[in-house]
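Asker: Next up, target00.cif (mmCIF, C-alpha atoms and all ligand atoms).
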data_upload
loop_
_atom_site.label_atom_id
_atom_site.label_comp_id
_atom_site.auth_asym_id
_atom_site.auth_seq_id
_atom_site.Cartn_x
_atom_site.Cartn_y
_atom_site.Cartn_z
CA MET A 1 142.78 68.43 128.66
CA ILE A 2 143.61 68.92 125.04
CA ARG A 3 146.45 71.24 124.18
CA VAL A 4 146.97 72.75 120.74
CA ALA A 5 150.69 72.23 120.20
CA ASP A 6 150.71 73.82 116.77
CA ALA A 7 148.31 75.56 114.41
CA THR A 8 149.04 76.55 110.83
CA PHE A 9 147.21 77.84 107.79
CA VAL A 10 147.34 75.26 105.00
CA THR A 11 145.58 76.60 101.93
CA THR A 12 142.55 78.23 100.39
CA ALA A 13 140.30 76.42 97.93
CA THR A 14 137.14 76.91 95.97
CA ARG A 15 137.18 73.74 93.82
CA PRO A 16 137.79 70.08 94.78
CA GLU A 17 141.06 69.88 92.83
CA GLN A 18 142.39 72.63 95.13
CA TYR A 19 141.52 70.80 98.36
CA PRO A 20 144.59 69.65 100.30
CA ARG A 21 145.46 66.04 99.51
CA GLU A 22 146.78 64.59 102.75
CA PRO A 23 144.27 62.09 104.14
CA LEU A 24 143.83 63.87 107.49
CA PRO A 25 140.48 63.82 109.29
CA GLU A 26 138.66 67.10 108.67
CA VAL A 27 136.32 69.19 110.75
CA ALA A 28 134.27 71.89 109.04
CA PHE A 29 132.90 75.04 110.68
CA VAL A 30 129.69 76.54 109.35
CA GLY A 31 127.48 79.37 110.54
CA ARG A 32 125.81 82.52 109.39
CA SER A 33 128.14 85.45 108.83
CA ASN A 34 128.97 87.38 111.96
CA VAL A 35 127.89 84.53 114.24
CA GLY A 36 131.41 84.40 115.71
CA LYS A 37 132.96 81.62 113.62
CA SER A 38 136.41 83.19 113.15
CA SER A 39 136.58 84.04 116.84
CA MET A 40 135.64 80.47 117.72
CA ILE A 41 138.29 78.91 115.49
CA ASN A 42 140.97 81.30 116.77
CA THR A 43 139.95 80.53 120.36
CA LEU A 44 139.96 76.78 119.76
CA LEU A 45 143.40 77.06 118.21
CA GLY A 46 144.64 79.37 120.95
CA ARG A 47 145.71 81.92 118.34
CA LYS A 48 144.63 85.52 118.24
CA LYS A 49 144.45 86.15 114.53
CA LEU A 50 145.12 82.99 112.56
CA VAL A 51 141.63 83.33 111.14
CA ARG A 52 140.79 86.91 110.36
CA VAL A 53 138.00 88.28 112.50
CA SER A 54 136.30 90.44 109.97
CA ASN A 55 134.29 93.54 110.56
CA THR A 56 132.84 93.14 107.11
CA PRO A 57 130.50 90.16 107.20
CA GLY A 58 130.54 87.86 104.23
CA ARG A 59 134.05 88.58 103.06
CA THR A 60 135.42 85.09 103.37
CA ARG A 61 134.43 83.51 100.08
CA THR A 62 136.69 80.51 100.00
CA LEU A 63 137.25 77.34 101.97
CA ASN A 64 140.21 77.93 104.29
CA PHE A 65 142.09 74.96 105.68
CA PHE A 66 144.12 74.93 108.91
CA ASP A 67 146.03 72.14 110.62
CA ALA A 68 145.88 71.75 114.37
CA THR A 69 148.34 69.50 116.17
CA LEU A 70 146.52 68.35 119.29
CA GLU A 71 148.28 66.93 122.29
CA SER A 72 146.45 64.87 124.89
CA ARG A 73 147.45 64.71 128.54
CA SER A 74 149.42 61.53 127.84
CA GLY A 75 151.53 63.49 125.35
CA ARG A 76 150.11 61.78 122.28
CA GLN A 77 149.94 64.10 119.30
CA ARG A 78 147.56 63.99 116.36
CA VAL A 79 146.76 66.35 113.52
CA VAL A 80 143.21 67.39 112.71
CA ARG A 81 142.47 69.63 109.75
CA LEU A 82 139.91 72.38 110.15
CA CYS A 83 137.97 73.85 107.25
CA ASP A 84 136.48 77.30 107.69
CA LEU A 85 133.54 77.72 105.32
CA PRO A 86 132.12 81.06 104.19
CA GLY A 87 129.39 82.39 106.43
CA TYR A 88 125.88 82.11 105.01
CA GLY A 89 122.90 84.44 105.16
CA PHE A 90 124.74 87.53 104.04
CA ALA A 91 122.34 89.62 102.01
CA LYS A 92 124.61 91.94 100.05
CA VAL A 93 125.74 89.59 97.32
CA SER A 94 124.39 88.98 93.84
CA LYS A 95 122.24 85.95 93.08
CA ASP A 96 124.95 84.47 90.86
CA GLU A 97 127.60 84.89 93.52
CA ARG A 98 125.38 83.31 96.13
CA ALA A 99 124.63 80.35 93.86
CA ALA A 100 128.37 79.83 93.28
CA TRP A 101 129.08 79.83 97.06
CA GLN A 102 126.20 77.49 97.65
CA GLU A 103 127.56 75.03 95.14
CA MET A 104 131.05 75.25 96.60
CA ILE A 105 129.77 74.65 100.14
CA ASP A 106 127.33 71.87 99.24
CA ARG A 107 129.96 70.07 97.24
CA TYR A 108 132.52 70.15 100.02
CA LEU A 109 130.03 69.10 102.70
CA THR A 110 128.54 66.22 100.75
CA GLU A 111 131.52 64.91 98.76
CA ARG A 112 134.60 65.33 100.95
CA LYS A 113 135.45 61.81 102.09
CA GLN A 114 137.66 62.67 105.07
CA LEU A 115 135.16 65.18 106.48
CA LYS A 116 134.17 63.62 109.81
CA VAL A 117 132.47 66.37 111.77
CA VAL A 118 130.65 69.59 110.94
CA VAL A 119 130.53 72.15 113.71
CA CYS A 120 127.35 74.19 113.18
CA ILE A 121 127.62 77.48 115.01
CA VAL A 122 124.52 79.24 116.26
CA ASP A 123 124.11 82.33 118.44
CA ALA A 124 123.25 81.24 121.98
CA GLU A 125 121.19 84.33 122.59
CA ILE A 126 119.28 84.41 119.29
CA GLY A 127 118.99 80.64 118.93
CA PRO A 128 118.85 78.85 115.58
CA THR A 129 117.62 81.06 112.73
CA PRO A 130 115.69 79.59 109.76
CA ASP A 131 119.00 79.59 107.82
CA ASP A 132 120.68 77.63 110.62
CA ALA A 133 117.83 75.11 110.74
CA GLN A 134 117.99 74.71 106.97
CA MET A 135 121.75 74.11 107.09
CA ILE A 136 121.39 71.52 109.84
CA GLU A 137 118.58 69.78 107.98
CA PHE A 138 120.76 69.68 104.89
CA LEU A 139 123.67 68.24 106.89
CA GLU A 140 121.50 65.52 108.39
CA GLN A 141 121.36 64.01 104.88
CA ALA A 142 125.17 64.03 104.59
CA PRO A 143 127.62 61.56 106.16
CA PRO A 144 129.55 63.75 108.66
CA ARG A 145 128.50 64.04 112.27
CA ILE A 146 126.93 67.30 113.39
CA LEU A 147 128.03 69.17 116.48
CA VAL A 148 125.99 72.30 117.21
CA VAL A 149 127.89 74.92 119.17
CA ALA A 150 126.01 77.89 120.62
CA THR A 151 128.45 80.77 120.87
CA LYS A 152 128.41 84.19 122.59
CA LEU A 153 127.16 82.37 125.69
CA ASP A 154 128.76 85.17 127.74
CA ARG A 155 125.92 87.43 126.60
CA ILE A 156 123.43 85.37 128.58
CA SER A 157 123.29 85.58 132.35
CA LYS A 158 124.70 82.51 134.06
CA SER A 159 121.32 81.27 135.33
CA GLN A 160 119.82 81.46 131.82
CA ARG A 161 122.55 79.52 130.03
CA LYS A 162 121.28 75.99 130.64
CA PRO A 163 117.69 76.84 129.66
CA ALA A 164 118.94 78.63 126.53
CA LEU A 165 120.92 75.55 125.45
CA ALA A 166 117.98 73.27 126.26
CA ALA A 167 115.74 75.45 124.09
CA ILE A 168 118.18 75.12 121.17
CA VAL A 169 118.25 71.32 121.60
CA GLU A 170 114.47 71.33 121.54
CA GLN A 171 114.13 73.62 118.53
CA LEU A 172 116.55 71.57 116.47
CA GLY A 173 115.23 68.20 117.63
CA LEU A 174 118.73 66.96 118.40
CA PRO A 175 120.01 64.79 121.27
CA PRO A 176 121.16 66.98 124.22
CA SER A 177 124.81 65.98 123.82
CA ALA A 178 124.77 67.37 120.27
CA VAL A 179 124.59 70.99 121.48
CA LEU A 180 127.43 72.67 123.41
CA GLY A 181 127.81 76.18 124.79
CA PHE A 182 130.80 78.36 123.91
CA SER A 183 132.23 81.84 124.34
CA ALA A 184 135.29 83.17 122.56
CA THR A 185 135.52 86.20 124.82
CA GLU A 186 135.28 84.20 128.07
CA LYS A 187 136.82 81.01 126.69
CA ILE A 188 133.89 78.86 127.75
CA GLY A 189 133.55 75.39 126.23
CA VAL A 190 136.95 75.08 124.56
CA THR A 191 137.74 71.63 126.01
CA GLU A 192 134.18 70.41 125.48
CA VAL A 193 134.17 71.42 121.82
CA TRP A 194 137.54 69.71 121.19
CA GLN A 195 136.25 66.60 122.95
CA GLY A 196 133.07 66.60 120.87
CA VAL A 197 135.11 67.09 117.72
CA LEU A 198 137.49 64.24 118.56
CA GLU A 199 134.62 61.91 119.44
CA GLY A 200 133.19 62.63 116.01
CA VAL A 201 136.58 62.15 114.35
CA ASP A 202 137.09 58.80 116.09
CA GLY A 203 133.44 57.78 115.90
P1 LIG A 301 132.27 85.48 111.81
O1 LIG A 301 131.81 86.45 110.77
O2 LIG A 301 131.26 84.42 112.05
O3 LIG A 301 133.64 84.93 111.56
O4 LIG A 301 132.29 86.28 113.19
P2 LIG A 301 133.51 86.98 113.98
O5 LIG A 301 134.32 85.98 114.69
O6 LIG A 301 134.18 87.91 113.05
O7 LIG A 301 132.68 87.77 115.11
C1 LIG A 301 131.63 88.65 114.79
C2 LIG A 301 131.46 89.63 115.94
O8 LIG A 301 131.02 88.95 117.11
C3 LIG A 301 132.75 90.35 116.33
O9 LIG A 301 132.41 91.66 116.68
C4 LIG A 301 133.26 89.58 117.54
O10 LIG A 301 134.03 90.37 118.40
C5 LIG A 301 131.95 89.15 118.20
N1 LIG A 301 132.09 87.87 118.93
C6 LIG A 301 132.60 86.72 118.43
N2 LIG A 301 132.59 85.76 119.37
C7 LIG A 301 132.04 86.29 120.49
C8 LIG A 301 131.75 85.78 121.81
O11 LIG A 301 132.00 84.61 122.15
N3 LIG A 301 131.16 86.65 122.70
C9 LIG A 301 130.86 87.93 122.35
N4 LIG A 301 130.29 88.69 123.29
N5 LIG A 301 131.14 88.45 121.13
C10 LIG A 301 131.72 87.64 120.20
#
Take the structure I supplied and represent it as structure tokens, if you would.

Answerer:
Amino acid sequence: MIRVADATFVTTATRPEQYPREPLPEVAFVGRSNVGKSSMINTLLGRKKLVRVSNTPGRTRTLNFFDATLESRSGRQRVVRLCDLPGYGFAKVSKDERAAWQEMIDRYLTERKQLKVVVCIVDAEIGPTPDDAQMIEFLEQAPPRILVVATKLDRISKSQRKPALAAIVEQLGLPPSAVLGFSATEKIGVTEVWQGVLEGVDG
């Protein structure tokens, strides 16, 4: 069991000089807009609205940092910093704006030294889209570990969940342990995702 003893918003950044300076291990969350990223982070943190669940896809245009104080069963506490990245694949933005986001995201993902794990969120029902596959391919060239989390698992009938996850593993060509199932609405996979994240952080 991993308990979130505390969760707080730290800051917003677009440029490296605005990134928080404390040398905490970081975990980034990426996914296409509307995939369920805000809901996942809120669920992992056990908070309803720390990260805004937006009805307008593509509105988060900055990197948003949160600190989570995690407590293990033994009572040991540690702080992990989460970075919520803007969702990709949102059509209604200008070319210039998209290029600026891309640069901001690429820079953070490739240059941030304390970034240990990137959680790549895909839709369990839809599977990885070409944008998702491109993001994962890009991340395979970068130092952080990749953890793929297939969310909205509640939308798939129980008997189809394992095959759906196996299909995602296959499509992405990743080891089976690199893909986990999740649901924010049914709180499936919370412990598993934290465990995967901490393994990556300690790895
Ligand atoms: P984001 O744009 O990636 O941050 O996505 P949001 O967290 O705002 O969620 C997008 C939509 O998907 C919202 O309508 C959520 O209520 C819904 N949603 C998010 N997570 C889940 C989930 O685990 N199961 C189901 N059924 N719906 C979800």

Asker: Give the residues close to ligand LIG 301 (chain A), within 10 Å, counting all atoms listed in the file; write them as a PyMOL selection string.

Answerer: chain A and resi 29-43+51-60+84-88+90+121-124+150-156+181-188

Asker: Using all atoms listed in the file, which of A:Val117, A:Ala5, A:Met135, A:Leu165 sits nearest Gly203 of chain A?

Answerer: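 Of the candidates, the smallest distance to Gly203 of chain A is held by A:Val117.
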
Asker: Taking all atoms listed in the file into account, which of A:Thr62, A:Val80, A:Val4, A:Leu44 comes nearest Pro23 of chain A?

Answerer: A:Val80

Asker: Measure the distance from atom CA of Leu115 of chain A to atom CA of Gly127 of chain A in Å and round it to one decimal.

Answerer: 25.6 Å

Asker: Can you tell me which residues surround segment 170-176 of chain A at a distance of at most 8 Å, considering all atoms listed in the file, apart from same-chain residues fewer than 4 positions away, and format the answer as a PyMOL selection string?

Answerer: chain A and resi 128+133+166

Asker: How would segment 72-94 of chain A look with N, CA and C atoms restored, written as a compact mmCIF listing (two decimals), keeping the file's coordinate frame?

Answerer:
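And here's selection-v1.txt as it stands now:
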# COMPACT_ATOMS: atom_id res chain seq x y z
N SER A 72 147.24 65.30 123.73
CA SER A 72 146.45 64.87 124.89
C SER A 72 147.33 64.89 126.13
N ARG A 73 146.70 64.66 127.29
CA ARG A 73 147.45 64.71 128.54
C ARG A 73 148.59 63.69 128.57
N SER A 74 148.38 62.57 127.86
CA SER A 74 149.42 61.53 127.84
C SER A 74 150.59 61.93 126.94
N GLY A 75 150.44 63.05 126.21
CA GLY A 75 151.53 63.49 125.35
C GLY A 75 151.38 63.03 123.91
N ARG A 76 150.32 62.26 123.65
CA ARG A 76 150.11 61.78 122.28
C ARG A 76 149.67 62.94 121.39
N GLN A 77 150.29 63.02 120.22
CA GLN A 77 149.94 64.10 119.30
C GLN A 77 149.20 63.56 118.09
N ARG A 78 148.26 64.34 117.60
CA ARG A 78 147.56 63.99 116.36
C ARG A 78 147.21 65.27 115.63
N VAL A 79 147.09 65.16 114.31
CA VAL A 79 146.76 66.35 113.52
C VAL A 79 145.32 66.23 113.01
N VAL A 80 144.57 67.28 113.22
CA VAL A 80 143.21 67.39 112.71
C VAL A 80 143.19 68.61 111.80
N ARG A 81 142.51 68.48 110.67
CA ARG A 81 142.47 69.63 109.75
C ARG A 81 141.11 70.32 109.86
N LEU A 82 141.14 71.61 110.03
CA LEU A 82 139.91 72.38 110.15
C LEU A 82 139.63 73.06 108.81
N CYS A 83 138.35 73.12 108.45
CA CYS A 83 137.97 73.85 107.25
C CYS A 83 136.95 74.92 107.63
N ASP A 84 137.34 76.15 107.40
CA ASP A 84 136.48 77.30 107.69
C ASP A 84 135.69 77.63 106.42
N LEU A 85 134.38 77.46 106.49
CA LEU A 85 133.54 77.72 105.32
C LEU A 85 133.00 79.14 105.36
N PRO A 86 132.68 79.70 104.18
CA PRO A 86 132.12 81.06 104.19
C PRO A 86 130.82 81.13 104.98
N GLY A 87 130.63 82.21 105.68
CA GLY A 87 129.39 82.39 106.43
C GLY A 87 128.20 82.53 105.48
N TYR A 88 127.06 82.00 105.87
CA TYR A 88 125.88 82.11 105.01
C TYR A 88 124.93 83.20 105.53
N GLY A 89 123.93 83.49 104.74
CA GLY A 89 122.90 84.44 105.16
C GLY A 89 123.29 85.89 105.02
N PHE A 90 124.33 86.14 104.23
CA PHE A 90 124.74 87.53 104.04
C PHE A 90 124.02 88.09 102.83
N ALA A 91 123.28 89.15 103.03
CA ALA A 91 122.34 89.62 102.01
C ALA A 91 123.00 90.31 100.82
N LYS A 92 124.11 91.04 101.09
CA LYS A 92 124.61 91.94 100.05
C LYS A 92 125.50 91.27 99.01
N VAL A 93 125.01 90.19 98.43
CA VAL A 93 125.74 89.59 97.32
C VAL A 93 124.74 89.29 96.20
N SER A 94 125.27 89.22 94.98
CA SER A 94 124.39 88.98 93.84
C SER A 94 123.89 87.54 93.88
